[in-house]
file run-v2.pdb (PDB, C-alpha atoms)
ATOM      1  CA  MET M 187     -10.975 -12.744  57.481  1.00  0.00           C
ATOM      2  CA  THR M 188     -10.076 -11.932  61.055  1.00  0.00           C
ATOM      3  CA  ALA M 189      -7.216 -12.941  63.279  1.00  0.00           C
ATOM      4  CA  ARG M 190      -9.496 -15.526  64.959  1.00  0.00           C
ATOM      5  CA  ASN M 191      -9.975 -17.382  61.725  1.00  0.00           C
ATOM      6  CA  LEU M 192      -6.205 -17.614  60.997  1.00  0.00           C
ATOM      7  CA  SER M 193      -4.300 -20.697  61.873  1.00  0.00           C
ATOM      8  CA  THR M 194      -1.190 -20.544  64.031  1.00  0.00           C
ATOM      9  CA  ARG M 195       1.004 -20.917  60.990  1.00  0.00           C
ATOM     10  CA  GLU M 196      -0.782 -18.089  59.185  1.00  0.00           C
ATOM     11  CA  ARG M 197      -0.496 -15.842  62.234  1.00  0.00           C
ATOM     12  CA  ARG M 198       3.255 -16.468  62.355  1.00  0.00           C
ATOM     13  CA  LEU M 199       3.526 -15.682  58.647  1.00  0.00           C
ATOM     14  CA  VAL M 200       1.550 -12.434  59.071  1.00  0.00           C
ATOM     15  CA  LEU M 201       3.737 -11.458  62.036  1.00  0.00           C
ATOM     16  CA  ALA M 202       6.934 -12.281  60.078  1.00  0.00           C
ATOM     17  CA  VAL M 203       5.818 -10.289  57.004  1.00  0.00           C
ATOM     18  CA  GLY M 204       4.668  -7.413  59.223  1.00  0.00           C
ATOM     19  CA  GLY M 205       7.968  -7.478  61.129  1.00  0.00           C
ATOM     20  CA  ILE M 206      10.006  -7.471  57.918  1.00  0.00           C
ATOM     21  CA  ALA M 207       7.904  -4.617  56.490  1.00  0.00           C
ATOM     22  CA  PHE M 208       8.302  -2.692  59.750  1.00  0.00           C
ATOM     23  CA  ALA M 209      12.097  -3.288  59.717  1.00  0.00           C
ATOM     24  CA  PHE M 210      12.434  -2.126  56.088  1.00  0.00           C
ATOM     25  CA  GLY M 211      10.243   0.893  56.780  1.00  0.00           C
ATOM     26  CA  SER M 212      12.316   1.736  59.852  1.00  0.00           C
ATOM     27  CA  VAL M 213      15.597   1.393  57.921  1.00  0.00           C
ATOM     28  CA  PHE M 214      14.195   3.593  55.139  1.00  0.00           C
ATOM     29  CA  LEU M 215      13.036   6.263  57.586  1.00  0.00           C
ATOM     30  CA  ILE M 216      16.307   6.188  59.553  1.00  0.00           C
ATOM     31  CA  ASN M 217      18.299   6.476  56.303  1.00  0.00           C
ATOM     32  CA  LEU M 218      16.113   9.369  55.140  1.00  0.00           C
ATOM     33  CA  PHE M 219      16.540  11.062  58.523  1.00  0.00           C
ATOM     34  CA  LEU M 220      20.346  10.684  58.447  1.00  0.00           C
ATOM     35  CA  GLU M 221      20.628  12.005  54.865  1.00  0.00           C
ATOM     36  CA  THR M 222      18.440  15.013  55.689  1.00  0.00           C
ATOM     37  CA  ARG M 223      20.441  15.645  58.857  1.00  0.00           C
ATOM     38  CA  ASN M 224      23.733  15.574  56.904  1.00  0.00           C
ATOM     39  CA  GLN M 225      22.348  17.943  54.251  1.00  0.00           C
ATOM     40  CA  LEU M 226      21.137  20.351  56.917  1.00  0.00           C
ATOM     41  CA  GLN M 227      24.488  20.255  58.723  1.00  0.00           C
ATOM     42  CA  THR M 228      26.286  20.982  55.438  1.00  0.00           C
ATOM     43  CA  GLN M 229      23.926  23.882  54.734  1.00  0.00           C
ATOM     44  CA  LEU M 230      24.415  25.185  58.270  1.00  0.00           C
ATOM     45  CA  ARG M 231      28.207  25.152  57.884  1.00  0.00           C
ATOM     46  CA  SER M 232      27.929  26.911  54.517  1.00  0.00           C
ATOM     47  CA  LYS M 233      25.528  29.569  55.804  1.00  0.00           C
ATOM     48  CA  THR M 234      27.655  30.099  58.919  1.00  0.00           C
ATOM     49  CA  SER M 235      30.722  30.599  56.727  1.00  0.00           C
ATOM     50  CA  GLN M 236      28.827  33.051  54.507  1.00  0.00           C
ATOM     51  CA  LEU M 237      27.615  34.938  57.565  1.00  0.00           C
ATOM     52  CA  ARG M 238      31.174  35.227  58.903  1.00  0.00           C
ATOM     53  CA  ALA M 239      32.354  36.525  55.516  1.00  0.00           C
ATOM     54  CA  MET M 240      29.519  39.082  55.357  1.00  0.00           C
ATOM     55  CA  ARG M 241      30.254  40.268  58.875  1.00  0.00           C
ATOM     56  CA  ALA M 242      33.942  40.675  57.974  1.00  0.00           C
ATOM     57  CA  LEU M 243      32.976  42.727  54.905  1.00  0.00           C
ATOM     58  CA  ALA M 244      30.544  44.807  56.951  1.00  0.00           C
ATOM     59  CA  ARG M 245      33.284  45.577  59.490  1.00  0.00           C
ATOM     60  CA  GLN M 246      35.465  46.764  56.585  1.00  0.00           C
ATOM     61  CA  GLU M 247      32.772  48.912  54.966  1.00  0.00           C
ATOM     62  CA  ALA M 248      34.844  52.097  55.231  1.00  0.00           C
ATOM     63  CA  LEU M 249      37.782  50.418  53.497  1.00  0.00           C
ATOM     64  CA  TRP M 250      35.576  49.173  50.624  1.00  0.00           C
ATOM     65  CA  LYS M 251      33.962  52.596  50.200  1.00  0.00           C
ATOM     66  CA  LYS M 252      37.425  54.152  50.075  1.00  0.00           C
ATOM     67  CA  ARG M 253      38.537  51.621  47.447  1.00  0.00           C
ATOM     68  CA  ASP M 254      35.389  52.194  45.414  1.00  0.00           C
ATOM     69  CA  ALA M 255      35.960  55.967  45.486  1.00  0.00           C
ATOM     70  CA  TRP M 256      39.593  55.433  44.402  1.00  0.00           C
ATOM     71  CA  LEU M 257      38.461  53.156  41.599  1.00  0.00           C
ATOM     72  CA  LEU M 258      35.845  55.625  40.362  1.00  0.00           C
ATOM     73  CA  ALA M 259      38.374  58.473  40.455  1.00  0.00           C
ATOM     74  CA  LYS M 260      41.319  56.632  38.836  1.00  0.00           C
ATOM     75  CA  GLN M 261      39.900  54.132  36.348  1.00  0.00           C
ATOM     76  CA  PRO M 262      40.011  55.585  32.839  1.00  0.00           C
ATOM     77  CA  LYS M 263      36.791  56.113  30.899  1.00  0.00           C
ATOM     78  CA  LEU M 264      36.412  54.697  27.417  1.00  0.00           C
ATOM     79  CA  ASP M 265      35.955  57.815  25.299  1.00  0.00           C
ATOM     80  CA  ASN M 266      36.724  56.385  21.877  1.00  0.00           C
ATOM     81  CA  GLN M 267      36.537  52.626  21.544  1.00  0.00           C
ATOM     82  CA  ASP M 268      38.157  52.713  18.091  1.00  0.00           C
ATOM     83  CA  SER M 269      41.373  54.326  19.310  1.00  0.00           C
ATOM     84  CA  ALA M 270      41.650  52.590  22.704  1.00  0.00           C
ATOM     85  CA  GLY M 271      43.359  49.504  21.276  1.00  0.00           C
ATOM     86  CA  VAL M 272      45.749  51.597  19.199  1.00  0.00           C
ATOM     87  CA  GLN M 273      46.705  53.689  22.246  1.00  0.00           C
ATOM     88  CA  LEU M 274      47.279  50.541  24.309  1.00  0.00           C
ATOM     89  CA  LEU M 275      49.454  49.019  21.585  1.00  0.00           C
ATOM     90  CA  SER M 276      51.454  52.252  21.336  1.00  0.00           C
ATOM     91  CA  GLN M 277      52.036  52.269  25.092  1.00  0.00           C
ATOM     92  CA  ILE M 278      53.114  48.623  24.996  1.00  0.00           C
ATOM     93  CA  LYS M 279      55.479  49.304  22.079  1.00  0.00           C
ATOM     94  CA  ASP M 280      57.103  52.193  23.969  1.00  0.00           C
ATOM     95  CA  ALA M 281      57.669  50.018  27.044  1.00  0.00           C
ATOM     96  CA  ALA M 282      58.987  47.158  24.890  1.00  0.00           C
ATOM     97  CA  LYS M 283      61.426  49.443  23.117  1.00  0.00           C
ATOM     98  CA  LYS M 284      62.619  50.853  26.449  1.00  0.00           C
ATOM     99  CA  HIS M 285      63.365  47.349  27.797  1.00  0.00           C
ATOM    100  CA  GLN M 286      64.668  45.840  24.531  1.00  0.00           C
ATOM    101  CA  VAL M 287      61.764  43.467  24.033  1.00  0.00           C
ATOM    102  CA  LEU M 288      61.016  42.571  20.419  1.00  0.00           C
ATOM    103  CA  LEU M 289      57.306  42.503  19.555  1.00  0.00           C
ATOM    104  CA  ASP M 290      55.858  40.306  16.810  1.00  0.00           C
ATOM    105  CA  HIS M 291      52.369  39.893  15.385  1.00  0.00           C
ATOM    106  CA  PRO M 292      50.440  42.474  17.421  1.00  0.00           C
ATOM    107  CA  GLU M 293      46.665  42.034  17.214  1.00  0.00           C
ATOM    108  CA  ILE M 294      44.227  44.596  18.543  1.00  0.00           C
ATOM    109  CA  GLY M 295      41.095  43.031  19.969  1.00  0.00           C
ATOM    110  CA  SER M 296      37.653  44.569  20.026  1.00  0.00           C
ATOM    111  CA  PRO M 297      36.226  46.106  23.212  1.00  0.00           C
ATOM    112  CA  ASP M 298      34.564  43.550  25.466  1.00  0.00           C
ATOM    113  CA  GLN M 299      31.933  44.525  28.069  1.00  0.00           C
ATOM    114  CA  ARG M 300      32.586  42.567  31.277  1.00  0.00           C
ATOM    115  CA  GLY M 301      30.139  43.663  33.924  1.00  0.00           C
ATOM    116  CA  ASP M 302      31.447  46.820  35.572  1.00  0.00           C
ATOM    117  CA  TYR M 303      34.279  47.414  33.110  1.00  0.00           C
ATOM    118  CA  VAL M 304      35.202  47.252  29.442  1.00  0.00           C
ATOM    119  CA  SER M 305      38.283  45.308  28.404  1.00  0.00           C
ATOM    120  CA  VAL M 306      40.311  46.416  25.373  1.00  0.00           C
ATOM    121  CA  SER M 307      43.014  43.878  24.597  1.00  0.00           C
ATOM    122  CA  VAL M 308      46.123  43.442  22.488  1.00  0.00           C
ATOM    123  CA  GLY M 309      47.609  40.071  21.618  1.00  0.00           C
ATOM    124  CA  LEU M 310      51.301  39.883  20.794  1.00  0.00           C
ATOM    125  CA  GLU M 311      54.376  37.702  20.729  1.00  0.00           C
ATOM    126  CA  THR M 312      57.678  38.722  22.292  1.00  0.00           C
ATOM    127  CA  LYS M 313      61.335  37.776  22.216  1.00  0.00           C
ATOM    128  CA  SER M 314      63.752  38.989  24.870  1.00  0.00           C
ATOM    129  CA  SER M 315      65.952  38.021  27.766  1.00  0.00           C
ATOM    130  CA  TRP M 316      64.332  36.899  30.997  1.00  0.00           C
ATOM    131  CA  ALA M 317      65.324  40.100  32.815  1.00  0.00           C
ATOM    132  CA  ALA M 318      64.029  42.284  29.971  1.00  0.00           C
ATOM    133  CA  ILE M 319      60.623  40.601  29.870  1.00  0.00           C
ATOM    134  CA  LEU M 320      60.272  40.952  33.643  1.00  0.00           C
ATOM    135  CA  ALA M 321      61.145  44.658  33.526  1.00  0.00           C
ATOM    136  CA  PHE M 322      58.740  45.143  30.606  1.00  0.00           C
ATOM    137  CA  LEU M 323      55.850  43.399  32.388  1.00  0.00           C
ATOM    138  CA  HIS M 324      56.588  45.286  35.604  1.00  0.00           C
ATOM    139  CA  GLU M 325      56.377  48.607  33.825  1.00  0.00           C
ATOM    140  CA  VAL M 326      53.296  47.777  31.795  1.00  0.00           C
ATOM    141  CA  GLN M 327      51.199  46.289  34.576  1.00  0.00           C
ATOM    142  CA  THR M 328      50.779  48.840  37.340  1.00  0.00           C
ATOM    143  CA  PRO M 329      47.568  49.490  39.278  1.00  0.00           C
ATOM    144  CA  GLU M 330      47.280  53.127  38.220  1.00  0.00           C
ATOM    145  CA  GLN M 331      47.212  52.172  34.524  1.00  0.00           C
ATOM    146  CA  PHE M 332      44.539  49.459  34.804  1.00  0.00           C
ATOM    147  CA  ILE M 333      46.532  47.250  32.468  1.00  0.00           C
ATOM    148  CA  VAL M 334      46.401  43.522  33.128  1.00  0.00           C
ATOM    149  CA  ILE M 335      47.936  40.414  31.639  1.00  0.00           C
ATOM    150  CA  GLU M 336      44.886  38.345  30.735  1.00  0.00           C
ATOM    151  CA  GLY M 337      46.913  35.511  29.224  1.00  0.00           C
ATOM    152  CA  ALA M 338      50.583  34.602  29.090  1.00  0.00           C
ATOM    153  CA  ASN M 339      52.662  31.771  27.708  1.00  0.00           C
ATOM    154  CA  LEU M 340      56.441  31.926  28.172  1.00  0.00           C
ATOM    155  CA  LYS M 341      59.025  29.458  26.974  1.00  0.00           C
ATOM    156  CA  ILE M 342      62.733  29.352  26.201  1.00  0.00           C
ATOM    157  CA  ASP M 343      63.585  30.125  22.570  1.00  0.00           C
ATOM    158  CA  ASP M 344      64.538  26.951  20.697  1.00  0.00           C
ATOM    159  CA  GLN M 345      67.363  28.606  18.707  1.00  0.00           C
ATOM    160  CA  ASP M 346      68.810  30.816  21.479  1.00  0.00           C
ATOM    161  CA  HIS M 347      68.511  29.476  25.023  1.00  0.00           C
ATOM    162  CA  THR M 348      69.334  32.882  26.502  1.00  0.00           C
ATOM    163  CA  GLN M 349      66.148  34.330  25.052  1.00  0.00           C
ATOM    164  CA  MET M 350      62.500  33.898  26.048  1.00  0.00           C
ATOM    165  CA  ARG M 351      59.580  33.651  23.662  1.00  0.00           C
ATOM    166  CA  GLY M 352      56.251  34.818  24.941  1.00  0.00           C
ATOM    167  CA  HIS M 353      52.677  35.078  23.783  1.00  0.00           C
ATOM    168  CA  PHE M 354      50.639  37.627  25.742  1.00  0.00           C
ATOM    169  CA  LYS M 355      47.146  38.982  25.853  1.00  0.00           C
ATOM    170  CA  ILE M 356      47.431  42.379  27.511  1.00  0.00           C
ATOM    171  CA  ALA M 357      44.314  44.411  28.240  1.00  0.00           C
ATOM    172  CA  ARG M 358      43.342  47.770  29.663  1.00  0.00           C
ATOM    173  CA  TRP M 359      40.212  47.886  31.761  1.00  0.00           C
ATOM    174  CA  PHE M 360      38.057  50.968  31.306  1.00  0.00           C
ATOM    175  CA  ALA M 361      35.181  52.036  33.514  1.00  0.00           C
ATOM    176  CA  ALA M 362      31.812  51.105  32.077  1.00  0.00           C
ATOM    177  CA  SER M 363      30.109  54.254  30.857  1.00  0.00           C
ATOM    178  CA  ALA M 364      27.085  55.137  28.752  1.00  0.00           C
ATOM    179  CA  THR M 365      29.234  54.731  25.624  1.00  0.00           C
ATOM    180  CA  ALA M 366      30.694  51.428  26.819  1.00  0.00           C
ATOM    181  CA  LYS M 367      27.288  49.930  27.602  1.00  0.00           C
ATOM    182  CA  GLN M 368      26.387  50.161  23.925  1.00  0.00           C
ATOM    183  CA  ILE M 369      29.092  47.671  22.980  1.00  0.00           C
ATOM    184  CA  PRO M 370      27.433  44.462  21.689  1.00  0.00           C
TER
END
call {"tool": "encode", "arguments": {"input": "run-v2.pdb", "output": "structure tokens"}}
result
Amino acid sequence: MTARNLSTRERRLVLAVGGIAFAFGSVFLINLFLETRNQLQTQLRSKTSQLRAMRALARQEALWKKRDAWLLAKQPKLDNQDSAGVQLLSQIKDAAKKHQVLLDHPEIGSPDQRGDYVSVSVGLETKSSWAAILAFLHEVQTPEQFIVIEGANLKIDDQDHTQMRGHFKIARWFAASATAKQIP
């Protein structure tokens, strides 16, 4: 069938269906174009932000090399993974005694390989005054010791409102070494 054989009514119907199909196709293509454009703009903003961050890090290369050298020189090595937790607990007990912090239920965790370092942790509960716990935490967590508070929960003691009860997970981070990489 050709256009010459179609009646006027059929021609109008073909034109209407063709026009509607063209309109839907155009809307679909415009929508697809706008979505793609928005995705590309979002990616461009993200990549531009990443580039700015990389340039900032590159400008500070000397600082990062200096920090890496400090870290390699100062971070303790894990010589004996069996005694590391005991040594950490002993150090924590000494600091607690010095600041009049009572320790309850100490638990020594097993060494945990975490990328570039090995974490040896101790879980414990404390009871002390607010000032004492602050002094204790200040002494325990210094950069040179590589001791961190991985978890803490403090609340006022129910029986004595002048005392604080705390549950802490305190860890020492050791440099990953040949011995540490064997930890499962």
call {"tool": "axis_aligned_box", "arguments": {"input": "run-v2.pdb", "around": "range 214-220 of chain M", "padding_each_side": "8 Å", "output": "JSON"}}
result
{"center_x": 16.7, "center_y": 7.3, "center_z": 57.3, "size_x": 23.3, "size_y": 23.5, "size_z": 20.4}
call {"tool": "closest_residue", "arguments": {"input": "run-v2.pdb", "among": "M:Lys283, M:Arg231, M:Arg195, M:Arg358", "to": "Gln261 in chain M", "atoms": "all atoms listed in the file"}}
result
M:Arg358
call {"tool": "atom_distance", "arguments": {"input": "run-v2.pdb", "atom1": "CA of Ala362 in chain M", "atom2": "CA of Gln331 in chain M"}}
result
15.6 Å
call {"tool": "atom_distance", "arguments": {"input": "run-v2.pdb", "atom1": "CA of Met240 in chain M", "atom2": "CA of Leu258 in chain M"}}
result
23.2 Å
call {"tool": "atom_distance", "arguments": {"input": "run-v2.pdb", "atom1": "CA of Ile319 in chain M", "atom2": "CA of Ile342 in chain M"}}
result
12.0 Å
call {"tool": "residues_around", "arguments": {"input": "run-v2.pdb", "residues": "range 273-279 of chain M", "least_positions_apart": "3", "cutoff": "10 Å", "atoms": "all atoms listed in the file", "output": "ChimeraX atom specification"}}
result
/M:268-270,282-285,287-289,292-294,306-310,322-323,325-326,333,356-358
call {"tool": "closest_residue", "arguments": {"input": "run-v2.pdb", "among": "M:Phe354, M:Phe219, M:Phe210, M:Trp359", "to": "Thr312 in chain M", "atoms": "only C-alpha atoms"}}
result
M:Phe354
